[in-house]
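Asker: Handing you a structure now.
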Amino acid sequence: MSKSKLPPFLRSALTKFPTFLILSTAAAYASPTITVISPKTGTTAGAPVFYEAYAISPDCAAGIAAMRIYTAPGVDALTVSGAHIEQFLTLDPGTYSTVVQASDNCGGVSESKVDLTVHSAAGVSVYLPNQSSLNWPVHVAASAESPSCSEGIAALRIYTSDVVSPYDIHSNTLDAYVNLVPGTYDMIVKAWDNCGHVYRSDFNVLVTAGQDAYLYGASNRQVAAFKINSDGTLNPPTFSGHAGSLAVDPGGWFVFASSQEGIYGFQINQSNGTLIEIPGSPFPLNTSLGNQAAPIILMDPSGNFLYVAYAGNGYSEEASIATYRIHRSSGNLTWTGWARSFGDPDSECYRSLQGQAVDFIGQYLYVPVSSCSASSPETYGFQTDPNHAFLNSEVAGSPYPFAGSPASTADYLYLGSAENNTSGDIFGGLIASGTGALSQLNGSPFFAGSPDWPIGPVWADWQGRFLWAWEVENQDNGLQSFALNHATGELTSSGAFLQFPDNTGIGDLVEDHTGRFVFTSTATSPGGSPPEPTVYRVVSQTISANGTLKESNTLTLPNEVGSLALARKDPN
């Protein structure tokens with residue numbers, strides 16, 4: 001190790017202590033390890049240049065303090081707090097020997113050199129994906145330039161085929177995750193400048209289903225972190241941080257947890273899954289929406305925004321929703337300035353939120369709200385905005401005269417516990433391609449359970465194969481599995497019912513990125529006189545070929561676990 005790479009207190013000690021003592025001390029401590037995802041050394045491409053890197057320091061419990069990019073000796077082009085960089089840098093044409101540096105909170109410093117050449121030719125430079133096979137969601141990062149056009153680039157757009165475009169942005173840079181079911185795709189990133197020119201970059205990618213590394217659960221105002229084994233079973237959790245409703249970004253870098261005090265943000269330590277609170281956390285709530293309970297948070301599939309929904313209570317606080325921008329390097333949250341309430345000010349009608357769901361691609365957001373004295377239950381549909389996250393544009397026909405606990409696929413929206421039915425039915429709606437408008441499916445509502453009990457919450461398989469519903473069947477609690485006809489959206493019961501103990505309620509259900517496992521949180525109140533203590537569990541289940549669930553392992557916890565979220569094993 002050179003003098004320049006030693007921690008400062010060791011460098012100053014070189015003139016005071018024997019060399020063998022200094023070397024012995026340094027050898028006892030491992031410096032951070034840096035992984036540079038983009039750009040790859042030797043890259044030749046246009047500006048702006050996309051950098052993504054992360055660092056771990058397993059010997060330092062306090063983790064990584066900061067990361068930097070040097071574009072030349074002594075030229076600090078970017079410094080970010082924490083263990084992750086995800087940023088575009090504007091570099092003049094030329095050849096560079098850039099350095100990515102990481103420093104931990106124990107005095108360790110490491111560097112990784114990245115050589116690259118920056119050109120000024122008109123066109124599109126795709127920095128990610130930079131390999132031919134990768135797990136979903138697919139991270140796409142690209143920039144475009146048009147030197148002959150003084151007004152610059154107008155927009156960038158991703159195509160997953162010649163006619164399917166899941167994402168576009170009015171910018172000369174693009175950084176987004178795209179949900180794609182496993183398969184081979186001929187993808188395109190296309191750019192338009194403000195002088196009428198069009199540029200494109202074509203690439204082929206094989207999308208696979210990768211396993212998740214960690215399951216996070218909200219438990220007694222803390223976050224429980226479970227390591228996921230290769231067979232889908234869970235290790236006992238560790239606890240840290242603060243928790244309410246949880247969301248994990250699609251890259252596997254950040255965990256967000258809502259509370260009445262604000263939205264807590266954490267970076268995920270990639271070496272062990274522990275959480276490190278982001279400086280500035282908790283981020284303030286939108287107080288103009290009232291002093292309510294902790295909001296429900298939902299991640300934008302592209303990874304750039306957080307949808308924050310205030311549920312309301314139907315009496316004094318109305319349902320509301322706001323949007324926050326995520327800083328892709330640090331995880332900092334900033335309110336975008338957009339908010340929307342769903343009450344009726346003329347009738348003093350207070351409405352409560354029944355959930356929110358975004359379609360698989362992330363182009364449409366659906367928000368069901370309850371009825372009140374002056375209106376019927378309704379579901380609002382919004383066109384998402386990748387530029388600002390403003391949800392000003394409602395889809396055609398919104399709001400729709402039905403509501404319930406929502407779940408969605410790329411093509412369909414389903415509502416369980418629908419307020420306008422009490423016979424155990426599930427409402428199904430077709431999401432119109434290109435518009436997001438909803439139309440009721442043939443055969444909907446689908447009869448799902450006992451005629452005496454409405455269906456509970458529903459969850460959809462991310463590949464659009466199955467639907468799972470929490471159901472009370474002859475007062476037995478459990479999960480009912482349905483096969484989902486991809487062509488028609490029709491639901492057919494598998495006939496299998498994964499029964500849980502009597503008097504059990506469900507907190508949440510999530511499906512992993514392989515499509516092989518489901519994880520649920522439950523609470524069982526045994527009753528008796530005097531009452532026995534409530535039993536809290538997190539359960540791992542395997543998914544069979546027809547969507548039925550089979551319990552794999554169960555962990556009993558000291559406190560209730562509500563919201564669940566998964567972090568991918570291959571952060572990107």
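We label chains A, B, ... in the order they appear in the structure tokens, count residues from 1 in each chain, and number ligands from 1 in the order shown.
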Give the strand (DSSP E) residues of segment 70-273 of chain A, as assigned by DSSP on the backbone, as number ranges by chain.
Answerer: A: 70-72, 75-81, 84-89, 94-104, 109-119, 123-128, 133-135, 138-145, 153-159, 167-169, 173-178, 183-193, 198-208, 212-219, 222-227, 238-240, 246-248, 254-259, 262-268
Asker: Find the residues near Tyr400 of chain A: any atom within 6 Å, counting only C-alpha atoms, skip ones fewer than 2 places away on the same chain, and give them as an MDAnalysis selection string.
Answerer: chainID A and resid 378:379 398 402
Asker: Output N, CA, C and O atoms for every residue in that selection, as an mmCIF file, in the first residue's frame.
Answerer:
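So out_39.cif came out as:
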data_model
loop_
_atom_site.group_PDB
_atom_site.id
_atom_site.type_symbol
_atom_site.label_atom_id
_atom_site.label_comp_id
_atom_site.auth_asym_id
_atom_site.auth_seq_id
_atom_site.Cartn_x
_atom_site.Cartn_y
_atom_site.Cartn_z
ATOM 1 N N GLU A 378 -64.741 5.227 -6.138
ATOM 2 C CA GLU A 378 -64.163 5.542 -7.433
ATOM 3 C C GLU A 378 -62.701 5.102 -7.485
ATOM 4 O O GLU A 378 -62.023 5.057 -6.459
ATOM 5 N N THR A 379 -62.243 4.791 -8.699
ATOM 6 C CA THR A 379 -60.833 4.532 -8.945
ATOM 7 C C THR A 379 -60.340 5.537 -9.971
ATOM 8 O O THR A 379 -60.895 5.649 -11.070
ATOM 9 N N SER A 398 -61.575 8.274 -16.354
ATOM 10 C CA SER A 398 -61.308 8.391 -14.916
ATOM 11 C C SER A 398 -62.083 9.578 -14.347
ATOM 12 O O SER A 398 -62.196 10.628 -14.980
ATOM 13 N N PHE A 402 -65.924 2.168 -9.338
ATOM 14 C CA PHE A 402 -65.646 0.979 -8.530
ATOM 15 C C PHE A 402 -64.357 1.232 -7.766
ATOM 16 O O PHE A 402 -63.563 2.109 -8.137
#
Asker: Would you tabulate, counting only C-alpha atoms, all residues of segment 212-257 of chain A that have an atom at most 9 Å from an atom of segment 535-546 of chain A, showing the closest pair of atoms and their distance in Å to one decimal, sorted by chain then ascending number, as JSON lines?
Answerer:
{"residue": "A:Gly217", "atom": "CA", "partner": "A:Val538", "partner_atom": "CA", "distance": 8.9}
{"residue": "A:Asp231", "atom": "CA", "partner": "A:Thr542", "partner_atom": "CA", "distance": 8.8}
{"residue": "A:Gly232", "atom": "CA", "partner": "A:Ser540", "partner_atom": "CA", "distance": 6.7}
{"residue": "A:Thr233", "atom": "CA", "partner": "A:Ser540", "partner_atom": "CA", "distance": 6.0}
{"residue": "A:Leu234", "atom": "CA", "partner": "A:Ser540", "partner_atom": "CA", "distance": 7.0}
Asker: Could those residues be written to a file, using N, CA, C and O atoms, as a PDB file, in the first residue's frame?
Answerer:
ATOM      1  N   GLY A 217     -39.071  -5.929   6.310  1.00  0.00           N
ATOM      2  CA  GLY A 217     -40.420  -5.842   6.852  1.00  0.00           C
ATOM      3  C   GLY A 217     -40.515  -4.764   7.911  1.00  0.00           C
ATOM      4  O   GLY A 217     -39.575  -4.555   8.683  1.00  0.00           O
ATOM      5  N   ASP A 231     -33.009 -21.414  -1.582  1.00  0.00           N
ATOM      6  CA  ASP A 231     -34.250 -22.177  -1.690  1.00  0.00           C
ATOM      7  C   ASP A 231     -35.471 -21.374  -1.269  1.00  0.00           C
ATOM      8  O   ASP A 231     -36.573 -21.913  -1.138  1.00  0.00           O
ATOM      9  N   GLY A 232     -35.298 -20.063  -1.062  1.00  0.00           N
ATOM     10  CA  GLY A 232     -36.411 -19.204  -0.694  1.00  0.00           C
ATOM     11  C   GLY A 232     -36.700 -19.126   0.791  1.00  0.00           C
ATOM     12  O   GLY A 232     -37.554 -18.344   1.196  1.00  0.00           O
ATOM     13  N   THR A 233     -36.027 -19.929   1.595  1.00  0.00           N
ATOM     14  CA  THR A 233     -36.233 -19.842   3.038  1.00  0.00           C
ATOM     15  C   THR A 233     -35.547 -18.598   3.579  1.00  0.00           C
ATOM     16  O   THR A 233     -34.670 -18.010   2.946  1.00  0.00           O
ATOM     17  N   LEU A 234     -35.946 -18.205   4.797  1.00  0.00           N
ATOM     18  CA  LEU A 234     -35.475 -16.965   5.395  1.00  0.00           C
ATOM     19  C   LEU A 234     -34.630 -17.238   6.631  1.00  0.00           C
ATOM     20  O   LEU A 234     -34.936 -18.136   7.423  1.00  0.00           O
TER      21      LEU A 234
END
Asker: Which one of A:Gly434, A:Pro399, A:Gly210, A:Pro571 sits closest to Val181 of chain A if you count only C-alpha atoms?
Answerer: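 Closest to Val181 of chain A of all the choices is A:Gly210.
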Asker: Please identify all polymer residues within 10 Å of Ser230 of chain A, counting only C-alpha atoms, omitting same-chain residues fewer than 5 positions from it, and present them as number ranges by chain.
Answerer: A: 211-213
Asker: Which residues are near Glu394 of chain A? Cut-off 7 Å, only C-alpha atoms, ignore same chain within fewer than 4 positions. Put them as a VMD selection string.
Answerer: chain A and resid 381 to 383 398
Asker: As a ChimeraX atom specification, please: the residues near Thr43 of chain A (cut-off 10 Å, only C-alpha atoms, same-chain neighbours under 6 positions excluded).
Answerer: /A:114-118,127
Asker: Since we have the selection now, will you write its residues out, keeping N, CA and C atoms, as a PDB file, in the first residue's frame?
Answerer:
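Written file, part_27.pdb:
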ATOM      1  N   VAL A 114     -10.514   4.347 -14.107  1.00  0.00           N
ATOM      2  CA  VAL A 114     -11.362   4.117 -15.270  1.00  0.00           C
ATOM      3  C   VAL A 114     -10.840   4.982 -16.416  1.00  0.00           C
ATOM      4  N   ASP A 115     -10.250   4.357 -17.427  1.00  0.00           N
ATOM      5  CA  ASP A 115      -9.775   5.069 -18.615  1.00  0.00           C
ATOM      6  C   ASP A 115     -10.892   5.114 -19.653  1.00  0.00           C
ATOM      7  N   LEU A 116     -11.080   6.267 -20.268  1.00  0.00           N
ATOM      8  CA  LEU A 116     -12.105   6.376 -21.302  1.00  0.00           C
ATOM      9  C   LEU A 116     -11.770   7.514 -22.256  1.00  0.00           C
ATOM     10  N   THR A 117     -12.397   7.440 -23.435  1.00  0.00           N
ATOM     11  CA  THR A 117     -12.270   8.481 -24.450  1.00  0.00           C
ATOM     12  C   THR A 117     -13.654   9.050 -24.729  1.00  0.00           C
ATOM     13  N   VAL A 118     -13.767  10.368 -24.690  1.00  0.00           N
ATOM     14  CA  VAL A 118     -15.034  11.053 -24.931  1.00  0.00           C
ATOM     15  C   VAL A 118     -14.968  11.729 -26.297  1.00  0.00           C
ATOM     16  N   TYR A 127     -24.804   3.539 -22.114  1.00  0.00           N
ATOM     17  CA  TYR A 127     -23.846   3.106 -21.097  1.00  0.00           C
ATOM     18  C   TYR A 127     -24.326   1.849 -20.371  1.00  0.00           C
TER      19      TYR A 127
END
Asker: Write out as a PyMOL selection string each polymer residue whose atoms come within 9 Å of segment 99-111 of chain A, counting only C-alpha atoms; drop sequence neighbours fewer than 3 positions from it.
Answerer: chain A and resi 5-9+29-34+36+53-57+59-73+82-83+114-115
Asker: Those residues with C-alpha atoms, as a JSON list (two decimals), in the first residue's frame please?
Answerer:
[["chain", "number", "residue", "atom", "x", "y", "z"],
["A", 5, "LYS", "CA", -3.56, 5.25, 0.15],
["A", 6, "LEU", "CA", -2.92, 5.03, 3.89],
["A", 7, "PRO", "CA", -5.41, 6.65, 6.26],
["A", 8, "PRO", "CA", -4.31, 10.20, 7.25],
["A", 9, "PHE", "CA", -3.27, 9.28, 10.80],
["A", 29, "TYR", "CA", -7.42, -3.23, 8.34],
["A", 30, "ALA", "CA", -8.98, -3.85, 4.91],
["A", 31, "SER", "CA", -9.77, -0.76, 2.82],
["A", 32, "PRO", "CA", -13.05, -0.43, 0.93],
["A", 33, "THR", "CA", -13.74, -2.49, -2.18],
["A", 34, "ILE", "CA", -15.06, -0.53, -5.18],
["A", 36, "VAL", "CA", -17.50, 0.27, -11.10],
["A", 53, "ALA", "CA", -20.30, 2.58, -8.82],
["A", 54, "TYR", "CA", -20.60, 1.34, -5.28],
["A", 55, "ALA", "CA", -18.31, 0.44, -2.41],
["A", 56, "ILE", "CA", -18.35, -1.92, 0.55],
["A", 57, "SER", "CA", -16.14, -2.04, 3.63],
["A", 59, "ASP", "CA", -14.35, -4.47, 8.27],
["A", 60, "CYS", "CA", -15.89, -1.06, 9.01],
["A", 61, "ALA", "CA", -19.20, -1.36, 10.84],
["A", 62, "ALA", "CA", -19.96, 2.32, 10.23],
["A", 63, "GLY", "CA", -19.83, 1.78, 6.46],
["A", 64, "ILE", "CA", -18.81, 4.06, 3.60],
["A", 65, "ALA", "CA", -18.63, 7.79, 4.27],
["A", 66, "ALA", "CA", -18.34, 9.17, 0.74],
["A", 67, "MET", "CA", -17.46, 8.44, -2.87],
["A", 68, "ARG", "CA", -15.74, 10.74, -5.38],
["A", 69, "ILE", "CA", -14.89, 10.92, -9.05],
["A", 70, "TYR", "CA", -11.63, 12.55, -10.10],
["A", 71, "THR", "CA", -11.40, 13.41, -13.80],
["A", 72, "ALA", "CA", -7.73, 14.39, -13.45],
["A", 73, "PRO", "CA", -5.24, 14.46, -10.56],
["A", 82, "GLY", "CA", -22.62, 7.19, 1.17],
["A", 83, "ALA", "CA", -21.67, 4.11, -0.81],
["A", 114, "VAL", "CA", -11.36, 4.12, -15.27],
["A", 115, "ASP", "CA", -9.78, 5.07, -18.62]]
Asker: Residues within 12 Å of Gly262 of chain A, please, as a VMD selection string. Count only C-alpha atoms; anything in the same chain fewer than 5 positions from it doesn't count.
Answerer: chain A and resid 242 to 245 256 to 257 280 to 287 291 to 297 308 333 to 335
Asker: Just checking: using only C-alpha atoms, which residue out of A:Tyr307, A:Phe88, A:Tyr177, A:Tyr324 ends up closest to Val49 of chain A?
Answerer: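 Among the listed residues, A:Phe88 lies closest to Val49 of chain A.
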Asker: What does the distance from atom CA of Gly505 of chain A to atom CA of Ala322 of chain A come to in Å, to one decimal?
Answerer: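 Computing it gives 29.0 Å between the two atoms.
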